[in-house]
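Undergrad: My file is run_19.cif. It has mmCIF, C-alpha atoms:
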data_protein
loop_
_atom_site.group_PDB
_atom_site.id
_atom_site.type_symbol
_atom_site.label_atom_id
_atom_site.label_comp_id
_atom_site.auth_asym_id
_atom_site.auth_seq_id
_atom_site.Cartn_x
_atom_site.Cartn_y
_atom_site.Cartn_z
ATOM 1 C CA MET A 161 17.020 -3.394 5.980
ATOM 2 C CA PHE A 162 13.552 -1.950 5.396
ATOM 3 C CA ASN A 163 10.887 -1.911 2.705
ATOM 4 C CA ALA A 164 10.823 0.881 0.143
ATOM 5 C CA ILE A 165 9.769 1.681 -3.376
ATOM 6 C CA LEU A 166 12.939 2.262 -5.358
ATOM 7 C CA LEU A 167 13.066 3.964 -8.741
ATOM 8 C CA ASN A 168 15.904 3.348 -11.183
ATOM 9 C CA LYS A 169 16.469 4.728 -14.674
ATOM 10 C CA LYS A 170 16.729 2.097 -17.396
ATOM 11 C CA ASP A 171 19.139 2.313 -20.330
ATOM 12 C CA ASP A 172 16.278 3.409 -22.598
ATOM 13 C CA GLY A 173 15.360 6.252 -20.217
ATOM 14 C CA ALA A 174 12.246 4.550 -18.819
ATOM 15 C CA THR A 175 11.638 4.343 -15.081
ATOM 16 C CA ASP A 176 11.840 1.020 -13.285
ATOM 17 C CA ALA A 177 9.813 0.999 -10.048
ATOM 18 C CA GLN A 178 10.242 -1.871 -7.612
ATOM 19 C CA LEU A 179 9.133 -2.673 -4.081
ATOM 20 C CA THR A 180 12.346 -3.857 -2.483
ATOM 21 C CA GLN A 181 14.464 -3.724 0.653
ATOM 22 C CA ILE A 182 17.157 -1.127 1.099
ATOM 23 C CA ASP A 183 19.723 -0.447 3.776
ATOM 24 C CA GLU A 184 19.943 2.661 5.940
ATOM 25 C CA ALA A 185 23.409 3.226 4.475
ATOM 26 C CA GLN A 186 21.735 3.962 1.124
ATOM 27 C CA LEU A 187 19.849 6.955 2.562
ATOM 28 C CA PRO A 188 21.104 10.489 1.785
ATOM 29 C CA GLU A 189 24.159 11.589 3.738
ATOM 30 C CA ASP A 190 22.956 15.195 3.947
ATOM 31 C CA GLY A 191 19.941 14.307 6.095
ATOM 32 C CA ASP A 192 20.314 15.155 9.780
ATOM 33 C CA VAL A 193 17.128 13.496 11.071
ATOM 34 C CA THR A 194 16.440 9.776 10.674
ATOM 35 C CA VAL A 195 12.754 8.954 10.908
ATOM 36 C CA ARG A 196 10.435 6.000 11.037
ATOM 37 C CA VAL A 197 7.693 6.599 8.497
ATOM 38 C CA ASP A 198 4.252 5.366 9.541
ATOM 39 C CA TYR A 199 2.190 6.709 6.646
ATOM 40 C CA SER A 200 2.852 8.345 3.296
ATOM 41 C CA THR A 201 0.635 9.177 0.314
ATOM 42 C CA ILE A 202 0.529 9.098 -3.469
ATOM 43 C CA ASN A 203 0.171 12.603 -4.853
ATOM 44 C CA PHE A 204 0.016 13.598 -8.527
ATOM 45 C CA LYS A 205 3.759 14.283 -8.493
ATOM 46 C CA ASP A 206 4.431 10.832 -7.005
ATOM 47 C CA GLY A 207 2.349 9.335 -9.801
ATOM 48 C CA LEU A 208 4.525 11.117 -12.353
ATOM 49 C CA ALA A 209 7.700 9.929 -10.630
ATOM 50 C CA ILE A 210 6.668 6.283 -10.297
ATOM 51 C CA THR A 211 5.401 5.981 -13.872
ATOM 52 C CA GLY A 212 8.175 8.104 -15.380
ATOM 53 C CA ARG A 213 5.640 10.089 -17.402
ATOM 54 C CA SER A 214 7.351 13.356 -16.530
ATOM 55 C CA PRO A 215 10.984 14.067 -15.583
ATOM 56 C CA VAL A 216 10.136 14.648 -11.918
ATOM 57 C CA VAL A 217 13.043 12.573 -10.594
ATOM 58 C CA ARG A 218 16.360 14.333 -11.011
ATOM 59 C CA LYS A 219 18.621 12.037 -9.004
ATOM 60 C CA TRP A 220 18.906 8.247 -9.251
ATOM 61 C CA PRO A 221 18.178 5.870 -7.645
ATOM 62 C CA MET A 222 15.223 7.516 -5.892
ATOM 63 C CA VAL A 223 12.646 6.642 -3.279
ATOM 64 C CA PRO A 224 9.473 8.570 -4.181
ATOM 65 C CA GLY A 225 7.027 9.996 -1.661
ATOM 66 C CA ILE A 226 6.818 13.769 -1.188
ATOM 67 C CA ASP A 227 4.804 13.355 2.030
ATOM 68 C CA GLY A 228 5.495 11.497 5.235
ATOM 69 C CA SER A 229 4.521 11.345 8.886
ATOM 70 C CA GLY A 230 5.855 9.276 11.734
ATOM 71 C CA GLU A 231 8.432 9.508 14.508
ATOM 72 C CA VAL A 232 12.044 10.607 14.799
ATOM 73 C CA ILE A 233 14.512 7.770 15.436
ATOM 74 C CA ALA A 234 17.727 9.827 15.707
ATOM 75 C CA SER A 235 18.702 13.449 15.128
ATOM 76 C CA SER A 236 21.699 15.763 15.029
ATOM 77 C CA HIS A 237 19.409 18.746 14.349
ATOM 78 C CA PRO A 238 18.837 20.994 17.412
ATOM 79 C CA ASP A 239 15.048 21.147 16.926
ATOM 80 C CA TRP A 240 14.468 17.406 16.813
ATOM 81 C CA LYS A 241 15.036 14.462 19.156
ATOM 82 C CA ALA A 242 14.136 10.770 19.192
ATOM 83 C CA GLY A 243 10.431 10.265 19.841
ATOM 84 C CA ASP A 244 9.251 13.553 18.282
ATOM 85 C CA THR A 245 6.412 13.249 15.779
ATOM 86 C CA PHE A 246 6.701 15.044 12.449
ATOM 87 C CA ILE A 247 5.056 15.947 9.154
ATOM 88 C CA LEU A 248 6.980 16.372 5.916
ATOM 89 C CA ASN A 249 5.632 17.986 2.738
ATOM 90 C CA GLY A 250 7.644 18.881 -0.344
ATOM 91 C CA TRP A 251 11.144 20.417 -0.313
ATOM 92 C CA GLY A 252 12.146 18.337 -3.345
ATOM 93 C CA VAL A 253 11.816 15.086 -1.413
ATOM 94 C CA GLY A 254 11.050 12.273 -3.843
ATOM 95 C CA GLU A 255 12.675 14.326 -6.624
ATOM 96 C CA THR A 256 16.244 15.145 -5.577
ATOM 97 C CA HIS A 257 16.221 13.622 -2.064
ATOM 98 C CA MET A 258 14.962 10.134 -1.150
ATOM 99 C CA GLY A 259 11.362 10.289 0.031
ATOM 100 C CA CYS A 260 8.811 8.637 2.266
ATOM 101 C CA LEU A 261 7.308 5.718 0.350
ATOM 102 C CA ALA A 262 9.502 3.635 2.619
ATOM 103 C CA GLN A 263 9.608 2.508 6.233
ATOM 104 C CA GLN A 264 12.526 4.853 6.976
ATOM 105 C CA ALA A 265 13.850 8.129 5.633
ATOM 106 C CA LYS A 266 16.721 10.479 6.379
ATOM 107 C CA LEU A 267 15.573 14.093 6.078
ATOM 108 C CA LYS A 268 16.674 17.605 6.932
ATOM 109 C CA GLY A 269 15.283 18.909 10.190
ATOM 110 C CA ASP A 270 14.575 22.304 8.656
ATOM 111 C CA TRP A 271 12.026 20.627 6.371
ATOM 112 C CA LEU A 272 9.976 19.068 9.156
ATOM 113 C CA ILE A 273 7.178 20.512 11.225
ATOM 114 C CA PRO A 274 5.763 19.085 14.479
ATOM 115 C CA ARG A 275 2.579 17.095 14.028
ATOM 116 C CA PRO A 276 -0.289 18.749 15.927
ATOM 117 C CA GLY A 277 -0.997 16.919 19.166
ATOM 118 C CA ASN A 278 -4.562 15.974 18.256
ATOM 119 C CA MET A 279 -3.595 14.566 14.848
ATOM 120 C CA SER A 280 -2.507 11.009 14.065
ATOM 121 C CA ALA A 281 0.072 10.164 11.417
ATOM 122 C CA ARG A 282 -2.676 8.610 9.306
ATOM 123 C CA THR A 283 -4.822 11.742 9.514
ATOM 124 C CA ALA A 284 -1.815 13.897 8.610
ATOM 125 C CA MET A 285 -1.284 11.845 5.466
ATOM 126 C CA ALA A 286 -4.999 11.743 4.649
ATOM 127 C CA ILE A 287 -4.531 15.507 4.418
ATOM 128 C CA GLY A 288 -1.036 15.380 2.899
ATOM 129 C CA THR A 289 0.336 17.887 0.414
ATOM 130 C CA ALA A 290 -3.029 18.001 -1.380
ATOM 131 C CA GLY A 291 -4.939 19.025 1.740
ATOM 132 C CA TYR A 292 -2.206 21.328 2.952
ATOM 133 C CA THR A 293 -2.222 23.021 -0.472
ATOM 134 C CA ALA A 294 -6.007 23.341 -0.268
ATOM 135 C CA MET A 295 -5.621 25.122 3.064
ATOM 136 C CA LEU A 296 -3.000 27.481 1.614
ATOM 137 C CA CYS A 297 -5.514 28.348 -1.134
ATOM 138 C CA ALA A 298 -8.318 28.897 1.379
ATOM 139 C CA MET A 299 -6.087 31.079 3.559
ATOM 140 C CA ALA A 300 -5.060 33.124 0.508
ATOM 141 C CA LEU A 301 -8.715 33.814 -0.315
ATOM 142 C CA GLN A 302 -9.244 35.057 3.235
ATOM 143 C CA GLU A 303 -6.085 37.159 3.114
ATOM 144 C CA GLN A 304 -7.394 38.831 -0.055
ATOM 145 C CA GLY A 305 -10.627 39.764 1.674
ATOM 146 C CA VAL A 306 -12.899 37.094 0.198
ATOM 147 C CA THR A 307 -15.481 36.348 2.903
ATOM 148 C CA LYS A 308 -18.427 33.951 3.054
ATOM 149 C CA ASP A 309 -20.644 36.930 2.184
ATOM 150 C CA SER A 310 -18.622 37.840 -0.929
ATOM 151 C CA GLY A 311 -20.297 35.253 -3.166
ATOM 152 C CA GLU A 312 -19.776 31.773 -4.575
ATOM 153 C CA ILE A 313 -16.422 30.000 -4.543
ATOM 154 C CA LEU A 314 -15.525 27.754 -7.486
ATOM 155 C CA VAL A 315 -13.408 24.661 -6.818
ATOM 156 C CA THR A 316 -12.093 22.921 -9.945
ATOM 157 C CA GLY A 317 -10.803 19.350 -10.071
ATOM 158 C CA ALA A 318 -13.275 18.870 -7.267
ATOM 159 C CA SER A 319 -13.095 15.099 -6.822
ATOM 160 C CA GLY A 320 -9.298 15.091 -6.545
ATOM 161 C CA GLY A 321 -7.302 15.521 -3.355
ATOM 162 C CA VAL A 322 -6.921 19.318 -3.417
ATOM 163 C CA GLY A 323 -10.485 19.868 -4.567
ATOM 164 C CA SER A 324 -12.077 17.509 -2.065
ATOM 165 C CA VAL A 325 -10.289 19.032 0.924
ATOM 166 C CA ALA A 326 -10.875 22.582 -0.341
ATOM 167 C CA ILE A 327 -14.624 21.917 -0.459
ATOM 168 C CA ALA A 328 -14.590 20.520 3.069
ATOM 169 C CA ILE A 329 -12.581 23.475 4.422
ATOM 170 C CA LEU A 330 -14.472 26.279 2.688
ATOM 171 C CA SER A 331 -17.939 24.869 3.325
ATOM 172 C CA GLY A 332 -16.941 24.395 6.955
ATOM 173 C CA TRP A 333 -16.103 28.090 7.088
ATOM 174 C CA GLY A 334 -19.557 28.932 5.761
ATOM 175 C CA TYR A 335 -18.736 29.639 2.103
ATOM 176 C CA ARG A 336 -21.087 28.589 -0.694
ATOM 177 C CA VAL A 337 -18.927 26.261 -2.787
ATOM 178 C CA VAL A 338 -19.566 25.164 -6.359
ATOM 179 C CA ALA A 339 -17.669 22.052 -7.426
ATOM 180 C CA SER A 340 -16.477 21.542 -11.012
ATOM 181 C CA THR A 341 -15.777 17.924 -11.926
ATOM 182 C CA GLY A 342 -15.505 15.585 -14.869
ATOM 183 C CA LYS A 343 -17.148 12.882 -12.753
ATOM 184 C CA LEU A 344 -20.784 13.849 -12.336
ATOM 185 C CA THR A 345 -21.299 10.389 -10.850
ATOM 186 C CA GLU A 346 -19.487 11.815 -7.796
ATOM 187 C CA LYS A 347 -22.128 14.510 -7.237
ATOM 188 C CA ASP A 348 -23.460 12.928 -4.028
ATOM 189 C CA TYR A 349 -19.898 12.575 -2.703
ATOM 190 C CA LEU A 350 -19.110 16.240 -3.418
ATOM 191 C CA ILE A 351 -22.345 17.406 -1.817
ATOM 192 C CA SER A 352 -21.539 15.271 1.248
ATOM 193 C CA LEU A 353 -18.287 17.227 1.572
ATOM 194 C CA GLY A 354 -20.200 20.504 1.535
ATOM 195 C CA ALA A 355 -20.594 21.529 -2.106
ATOM 196 C CA ALA A 356 -23.781 23.544 -2.651
ATOM 197 C CA ASP A 357 -23.802 22.837 -6.391
ATOM 198 C CA VAL A 358 -21.893 20.661 -8.873
ATOM 199 C CA ILE A 359 -21.140 21.604 -12.496
ATOM 200 C CA ASP A 360 -19.611 19.672 -15.396
ATOM 201 C CA ARG A 361 -15.980 20.544 -16.049
ATOM 202 C CA ASN A 362 -16.850 20.808 -19.754
ATOM 203 C CA GLU A 363 -18.413 24.175 -18.939
ATOM 204 C CA LEU A 364 -14.897 25.463 -18.221
ATOM 205 C CA SER A 365 -12.410 23.269 -20.097
ATOM 206 C CA ALA A 366 -12.795 24.576 -23.674
ATOM 207 C CA PRO A 367 -11.498 27.927 -24.994
ATOM 208 C CA GLY A 368 -13.814 30.788 -23.981
ATOM 209 C CA LYS A 369 -14.266 34.538 -24.240
ATOM 210 C CA PRO A 370 -11.738 36.819 -22.479
ATOM 211 C CA LEU A 371 -14.515 38.298 -20.319
ATOM 212 C CA GLN A 372 -17.575 36.291 -19.339
ATOM 213 C CA LYS A 373 -20.547 36.727 -17.059
ATOM 214 C CA GLU A 374 -19.351 37.481 -13.532
ATOM 215 C CA ARG A 375 -20.066 34.720 -11.048
ATOM 216 C CA TRP A 376 -17.213 33.730 -8.712
ATOM 217 C CA ALA A 377 -16.011 35.723 -5.715
ATOM 218 C CA GLY A 378 -13.100 33.328 -5.426
ATOM 219 C CA VAL A 379 -11.620 30.270 -7.091
ATOM 220 C CA VAL A 380 -9.467 27.321 -6.026
ATOM 221 C CA ASP A 381 -8.001 25.881 -9.237
ATOM 222 C CA SER A 382 -5.881 22.740 -9.485
ATOM 223 C CA VAL A 383 -6.410 22.267 -13.231
ATOM 224 C CA GLY A 384 -4.748 25.121 -15.131
ATOM 225 C CA SER A 385 -4.974 25.718 -18.906
ATOM 226 C CA HIS A 386 -8.382 26.745 -20.333
ATOM 227 C CA THR A 387 -10.161 25.847 -17.096
ATOM 228 C CA LEU A 388 -8.154 28.444 -15.202
ATOM 229 C CA VAL A 389 -8.582 30.986 -18.011
ATOM 230 C CA ASN A 390 -12.370 30.611 -17.968
ATOM 231 C CA ALA A 391 -12.485 30.711 -14.175
ATOM 232 C CA VAL A 392 -10.603 34.023 -14.250
ATOM 233 C CA ALA A 393 -12.903 35.343 -17.002
ATOM 234 C CA GLN A 394 -15.940 34.546 -14.823
ATOM 235 C CA THR A 395 -14.573 36.003 -11.584
ATOM 236 C CA ARG A 396 -16.413 38.973 -10.170
ATOM 237 C CA TYR A 397 -14.967 42.465 -9.850
ATOM 238 C CA GLY A 398 -12.166 42.457 -7.252
ATOM 239 C CA GLY A 399 -12.327 38.690 -6.840
ATOM 240 C CA THR A 400 -9.412 36.343 -6.201
ATOM 241 C CA VAL A 401 -8.322 33.203 -8.049
ATOM 242 C CA THR A 402 -5.806 30.820 -6.457
ATOM 243 C CA ALA A 403 -3.855 28.549 -8.818
ATOM 244 C CA CYS A 404 -2.082 25.460 -7.509
ATOM 245 C CA GLY A 405 -2.185 22.741 -10.169
ATOM 246 C CA LEU A 406 -1.868 21.711 -13.809
ATOM 247 C CA ALA A 407 -4.078 18.657 -14.313
ATOM 248 C CA GLN A 408 -5.316 20.023 -17.667
ATOM 249 C CA GLY A 409 -2.036 21.664 -18.651
ATOM 250 C CA LEU A 410 0.754 24.110 -17.886
ATOM 251 C CA ASP A 411 -0.444 26.623 -20.445
ATOM 252 C CA PHE A 412 -2.427 29.767 -19.615
ATOM 253 C CA PRO A 413 -3.857 31.082 -22.913
ATOM 254 C CA ALA A 414 -5.482 34.115 -21.319
ATOM 255 C CA SER A 415 -6.264 37.792 -21.782
ATOM 256 C CA VAL A 416 -5.287 40.622 -19.451
ATOM 257 C CA ALA A 417 -8.889 41.905 -19.622
ATOM 258 C CA PRO A 418 -10.104 40.414 -16.286
ATOM 259 C CA PHE A 419 -7.115 41.877 -14.473
ATOM 260 C CA ILE A 420 -7.275 45.426 -15.840
ATOM 261 C CA LEU A 421 -11.045 45.766 -16.262
ATOM 262 C CA ARG A 422 -12.285 43.892 -13.191
ATOM 263 C CA GLY A 423 -9.295 44.024 -10.858
ATOM 264 C CA VAL A 424 -9.212 40.250 -10.582
ATOM 265 C CA LYS A 425 -6.267 38.898 -8.584
ATOM 266 C CA LEU A 426 -4.478 35.688 -9.583
ATOM 267 C CA ILE A 427 -2.519 34.231 -6.666
ATOM 268 C CA GLY A 428 -0.003 31.444 -7.219
ATOM 269 C CA ILE A 429 0.081 28.839 -4.452
ATOM 270 C CA ASP A 430 3.352 26.968 -3.897
ATOM 271 C CA SER A 431 3.361 24.210 -1.310
ATOM 272 C CA VAL A 432 6.808 22.763 -2.053
ATOM 273 C CA MET A 433 9.045 25.582 -0.803
ATOM 274 C CA ALA A 434 6.557 27.485 1.398
ATOM 275 C CA PRO A 435 8.255 28.972 4.487
ATOM 276 C CA LYS A 436 7.914 27.224 7.817
ATOM 277 C CA ALA A 437 5.687 29.891 9.392
ATOM 278 C CA LYS A 438 3.110 29.488 6.622
ATOM 279 C CA ARG A 439 3.263 25.701 6.929
ATOM 280 C CA LEU A 440 2.721 25.818 10.669
ATOM 281 C CA ALA A 441 -0.252 28.173 10.285
ATOM 282 C CA ALA A 442 -1.824 25.932 7.635
ATOM 283 C CA TRP A 443 -1.400 22.746 9.639
ATOM 284 C CA GLN A 444 -2.756 24.322 12.820
ATOM 285 C CA LYS A 445 -5.861 25.401 10.897
ATOM 286 C CA LEU A 446 -6.184 21.923 9.411
ATOM 287 C CA ALA A 447 -6.000 20.437 12.904
ATOM 288 C CA SER A 448 -8.717 22.736 14.229
ATOM 289 C CA ASP A 449 -11.004 23.415 11.243
ATOM 290 C CA LEU A 450 -11.126 20.326 9.026
ATOM 291 C CA ASP A 451 -14.029 17.952 9.718
ATOM 292 C CA VAL A 452 -12.412 14.551 10.351
ATOM 293 C CA GLN A 453 -15.579 12.699 9.288
ATOM 294 C CA LYS A 454 -15.449 14.445 5.912
ATOM 295 C CA LEU A 455 -11.754 13.619 5.676
ATOM 296 C CA GLU A 456 -12.566 9.922 6.110
ATOM 297 C CA ARG A 457 -14.927 10.117 3.113
ATOM 298 C CA ILE A 458 -12.064 11.551 1.082
ATOM 299 C CA THR A 459 -9.523 8.897 2.118
ATOM 300 C CA GLN A 460 -8.590 5.463 0.780
ATOM 301 C CA GLU A 461 -5.855 3.503 2.566
ATOM 302 C CA ILE A 462 -3.592 1.108 0.684
ATOM 303 C CA PRO A 463 -0.486 -0.910 1.645
ATOM 304 C CA LEU A 464 2.947 -0.026 0.282
ATOM 305 C CA SER A 465 2.737 -3.088 -1.985
ATOM 306 C CA GLU A 466 -0.113 -1.470 -3.975
ATOM 307 C CA ALA A 467 1.469 1.953 -4.435
ATOM 308 C CA ILE A 468 3.156 1.223 -7.777
ATOM 309 C CA ALA A 469 -0.004 -0.235 -9.299
ATOM 310 C CA ARG A 470 -2.132 2.721 -8.180
ATOM 311 C CA ALA A 471 0.231 5.435 -9.460
ATOM 312 C CA PRO A 472 -1.206 5.445 -13.021
ATOM 313 C CA ASP A 473 -4.725 5.754 -11.586
ATOM 314 C CA ILE A 474 -4.027 9.116 -9.991
ATOM 315 C CA LEU A 475 -2.698 10.467 -13.312
ATOM 316 C CA ALA A 476 -5.773 9.157 -15.138
ATOM 317 C CA GLY A 477 -8.135 10.848 -12.692
ATOM 318 C CA LYS A 478 -9.388 7.498 -11.404
ATOM 319 C CA VAL A 479 -8.727 8.270 -7.739
ATOM 320 C CA ARG A 480 -11.385 9.988 -5.682
ATOM 321 C CA GLY A 481 -9.902 12.111 -2.914
ATOM 322 C CA ARG A 482 -6.722 10.898 -1.244
ATOM 323 C CA LEU A 483 -4.634 7.729 -1.344
ATOM 324 C CA VAL A 484 -2.968 7.099 2.015
ATOM 325 C CA VAL A 485 -0.154 4.547 2.069
ATOM 326 C CA ASN A 486 0.465 2.436 5.148
ATOM 327 C CA VAL A 487 4.150 1.726 4.595
ATOM 328 C CA ASN A 488 4.163 -1.006 7.246
ATOM 329 C CA ALA A 489 1.257 -2.996 5.793
#
Would you encode the structure as structure tokens?
TA:
Amino acid sequence: MFNAILLNKKDDGATDAQLTQIDEAQLPEDGDVTVRVDYSTINFKDGLAITGRSPVVRKWPMVPGIDGSGEVIASSHPDWKAGDTFILNGWGVGETHMGCLAQQAKLKGDWLIPRPGNMSARTAMAIGTAGYTAMLCAMALQEQGVTKDSGEILVTGASGGVGSVAIAILSGWGYRVVASTGKLTEKDYLISLGAADVIDRNELSAPGKPLQKERWAGVVDSVGSHTLVNAVAQTRYGGTVTACGLAQGLDFPASVAPFILRGVKLIGIDSVMAPKAKRLAAWQKLASDLDVQKLERITQEIPLSEAIARAPDILAGKVRGRLVVNVNA
């Protein structure tokens, strides 16, 4: 028996989340690698699953936790053996396959990547899906030819997990980063991560003109809706916008004008089903390029017993940076 957060669907359709003990026999039969989880996280999607505010969970009962890092206990997969260290992000874990807000999990070996040798399990989860997504966005900007000399980079949702890590990465690479946030009280925090300037999200969150004054060479957006529309409308000729989130909304009430008159590129960033080669490249860059001291400023550690209570906070925008869950505390 081991500790886990278990989600069940009530008769009225609501989600019941409990910290309980479950047996290894309850883990998914289609997993070919059994792991000991040392650390997990609470991401936005985990918050939705635990609170039941969105139909994220599609199989019941469910252990949430789309991220995990620890050590392999047993494996029938050719790439993995007992004692190997791993990182898991995405692949529908915590949605259709029991996840990592638990002391053990049974996963598919094809989903796992080796944890870089200089990275602890805690550091891996301080980065988590949010930080890994931020790196995918940063890499996409580079792939599209956006350099540190191209101009300013806008990061929206700046005090959240994706935004915080994106600022740390891009400023570390020498880019001038402008942070957009609804929490101007976090200005000093954002500047400590490397932001050169901080603007109020209200400048971007209301409906705006289809074409606006050109400012951004690149954008990392985790907000969506009007914020993304305005960011695109303000992007300079030939610039690139990366979209990876929907904190403001799923809608995109935009005009084609920035794309056909300025050649702006809108790149969708998917972290859930990204191929292994892209994952490995992102995590190697995170291991070598992300300032660990900045990462510590981004990170809050909580025990598994607090995960349910903190889930609504991440949906309400009350969490600065990353919530790391010590599943053994």
Undergrad: So which residues are close to (7.7, 17.7, 7.8), meaning at most 7 Å away in the file's coordinates with all atoms listed in the file counted, and can you show them as a list in words?
TA: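 Residues with an atom at most 7 Å from (7.7, 17.7, 7.8): Phe246, Ile247, Leu248, Asn249, Trp271, Leu272 and Ile273 of chain A.
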Undergrad: Go ahead and write the residues just picked, C-alpha atoms, as a PDB file, in the coordinates of the input.
TA:
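Once everything was written out, this is out_11.pdb:
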ATOM      1  CA  PHE A 246       6.701  15.044  12.449  1.00  0.00           C
ATOM      2  CA  ILE A 247       5.056  15.947   9.154  1.00  0.00           C
ATOM      3  CA  LEU A 248       6.980  16.372   5.916  1.00  0.00           C
ATOM      4  CA  ASN A 249       5.632  17.986   2.738  1.00  0.00           C
ATOM      5  CA  TRP A 271      12.026  20.627   6.371  1.00  0.00           C
ATOM      6  CA  LEU A 272       9.976  19.068   9.156  1.00  0.00           C
ATOM      7  CA  ILE A 273       7.178  20.512  11.225  1.00  0.00           C
TER       8      ILE A 273
END
Undergrad: Starting from the displayed file, determine the output of the PyMOL selection byres ((chain A and resi 396) around 7) and express the residue list as a PyMOL selection string.
TA: chain A and resi 374-377+394-395+397-399
Undergrad: Counting only C-alpha atoms, what is within 12 Å of Ser331 (chain A), bar same-chain residues fewer than 2 positions away, as an MDAnalysis selection string?
TA: chainID A and resid 298 307:308 312:315 323:329 333:339 350:357 449:451 454
Undergrad: Please write as a VMD selection string the full residue list that the PyMOL selection byres ((chain A and resi 403) around 7) yields on this file.
TA: chain A and resid 380 to 382 401 to 402 404 to 405 427 to 429
Undergrad: Determine the residue membership of the PyMOL selection byres ((chain A and resi 190) around 8) for the file above and supply it as number ranges by chain.
TA: A: 188-189, 191-192, 267-268
Undergrad: Grab the CA of Thr201 (chain A) to CA of Met299 (chain A) distance for me, in Å with one decimal place.
TA: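 We find that CA of Thr201 (chain A) and CA of Met299 (chain A) lie 23.1 Å from each other.
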Undergrad: Quick one: everything within 6 Å of Arg361 (chain A), counting all atoms listed in the file, minus sequence neighbours fewer than 5 positions away in the same chain. Send it as a PDB file with C-alpha atoms, in the coordinates of the input.
TA:
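File result.pdb, as written:
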ATOM      1  CA  SER A 340     -16.477  21.542 -11.012  1.00  0.00           C
ATOM      2  CA  THR A 341     -15.777  17.924 -11.926  1.00  0.00           C
ATOM      3  CA  GLY A 342     -15.505  15.585 -14.869  1.00  0.00           C
TER       4      GLY A 342
END
Undergrad: Select, from A:Arg213, A:Arg282, A:Lys241, A:Lys438, the residue with the minimum atom-to-atom distance to Ser200 (chain A), counting only C-alpha atoms.
TA: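 Looking only at the distances to Ser200 (chain A), the closest residue turns out to be A:Arg282.
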Undergrad: If you count only C-alpha atoms, which residues fall within 8 Å of region 261-265 of chain A, apart from same-chain ones fewer than 4 positions away, as number ranges by chain?
TA: A: 162-165, 184, 187, 194-198, 200-201, 223-225, 228, 464, 485, 487-488
Undergrad: Write the residues of the preceding selection, restricted to C-alpha atoms, as a PDB file, in the coordinates of the input.
TA:
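And here's selection39.pdb as it stands now:
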ATOM      1  CA  PHE A 162      13.552  -1.950   5.396  1.00  0.00           C
ATOM      2  CA  ASN A 163      10.887  -1.911   2.705  1.00  0.00           C
ATOM      3  CA  ALA A 164      10.823   0.881   0.143  1.00  0.00           C
ATOM      4  CA  ILE A 165       9.769   1.681  -3.376  1.00  0.00           C
ATOM      5  CA  GLU A 184      19.943   2.661   5.940  1.00  0.00           C
ATOM      6  CA  LEU A 187      19.849   6.955   2.562  1.00  0.00           C
ATOM      7  CA  THR A 194      16.440   9.776  10.674  1.00  0.00           C
ATOM      8  CA  VAL A 195      12.754   8.954  10.908  1.00  0.00           C
ATOM      9  CA  ARG A 196      10.435   6.000  11.037  1.00  0.00           C
ATOM     10  CA  VAL A 197       7.693   6.599   8.497  1.00  0.00           C
ATOM     11  CA  ASP A 198       4.252   5.366   9.541  1.00  0.00           C
ATOM     12  CA  SER A 200       2.852   8.345   3.296  1.00  0.00           C
ATOM     13  CA  THR A 201       0.635   9.177   0.314  1.00  0.00           C
ATOM     14  CA  VAL A 223      12.646   6.642  -3.279  1.00  0.00           C
ATOM     15  CA  PRO A 224       9.473   8.570  -4.181  1.00  0.00           C
ATOM     16  CA  GLY A 225       7.027   9.996  -1.661  1.00  0.00           C
ATOM     17  CA  GLY A 228       5.495  11.497   5.235  1.00  0.00           C
ATOM     18  CA  LEU A 464       2.947  -0.026   0.282  1.00  0.00           C
ATOM     19  CA  VAL A 485      -0.154   4.547   2.069  1.00  0.00           C
ATOM     20  CA  VAL A 487       4.150   1.726   4.595  1.00  0.00           C
ATOM     21  CA  ASN A 488       4.163  -1.006   7.246  1.00  0.00           C
TER      22      ASN A 488
END
Undergrad: Step by step: start from the point (2.1, 4.2, -4.9) in the file's coordinates, keep every protein, DNA or RNA residue that has an atom no farther than 8 Å from it, count all atoms listed in the file, and write the set as a PyMOL selection string.
TA: chain A and resi 201-202+206-207+210+261+464-471+485
Undergrad: With distances taken over all atoms listed in the file, which residue among A:Gln444, A:Asp473, A:Leu483, A:Ser385 lies nearest Asp227 (chain A)?
TA: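 So, comparing all the options, the nearest one is A:Leu483.
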Undergrad: Excluding Pro221 (chain A) and any residue of its chain fewer than 5 positions from it, enumerate the residues within 7 Å of it, using all atoms listed in the file, and give them as a VMD selection string.
TA: chain A and resid 166 to 168
Undergrad: Hey, could you pull the box centre and edge lengths for region 393-404 of chain A, axis-aligned, 8 Å padding per side, all listed atoms, to one decimal in Å, as JSON?
TA:
{"center_x": -9.2, "center_y": 34.0, "center_z": -11.6, "size_x": 30.3, "size_y": 33.0, "size_z": 26.8}
Undergrad: In Å, with one decimal, what is the gap from CA of Phe204 (chain A) to CA of Met433 (chain A)?
TA: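 Atom-to-atom, CA of Phe204 (chain A) and CA of Met433 (chain A) are spaced 16.9 Å apart.
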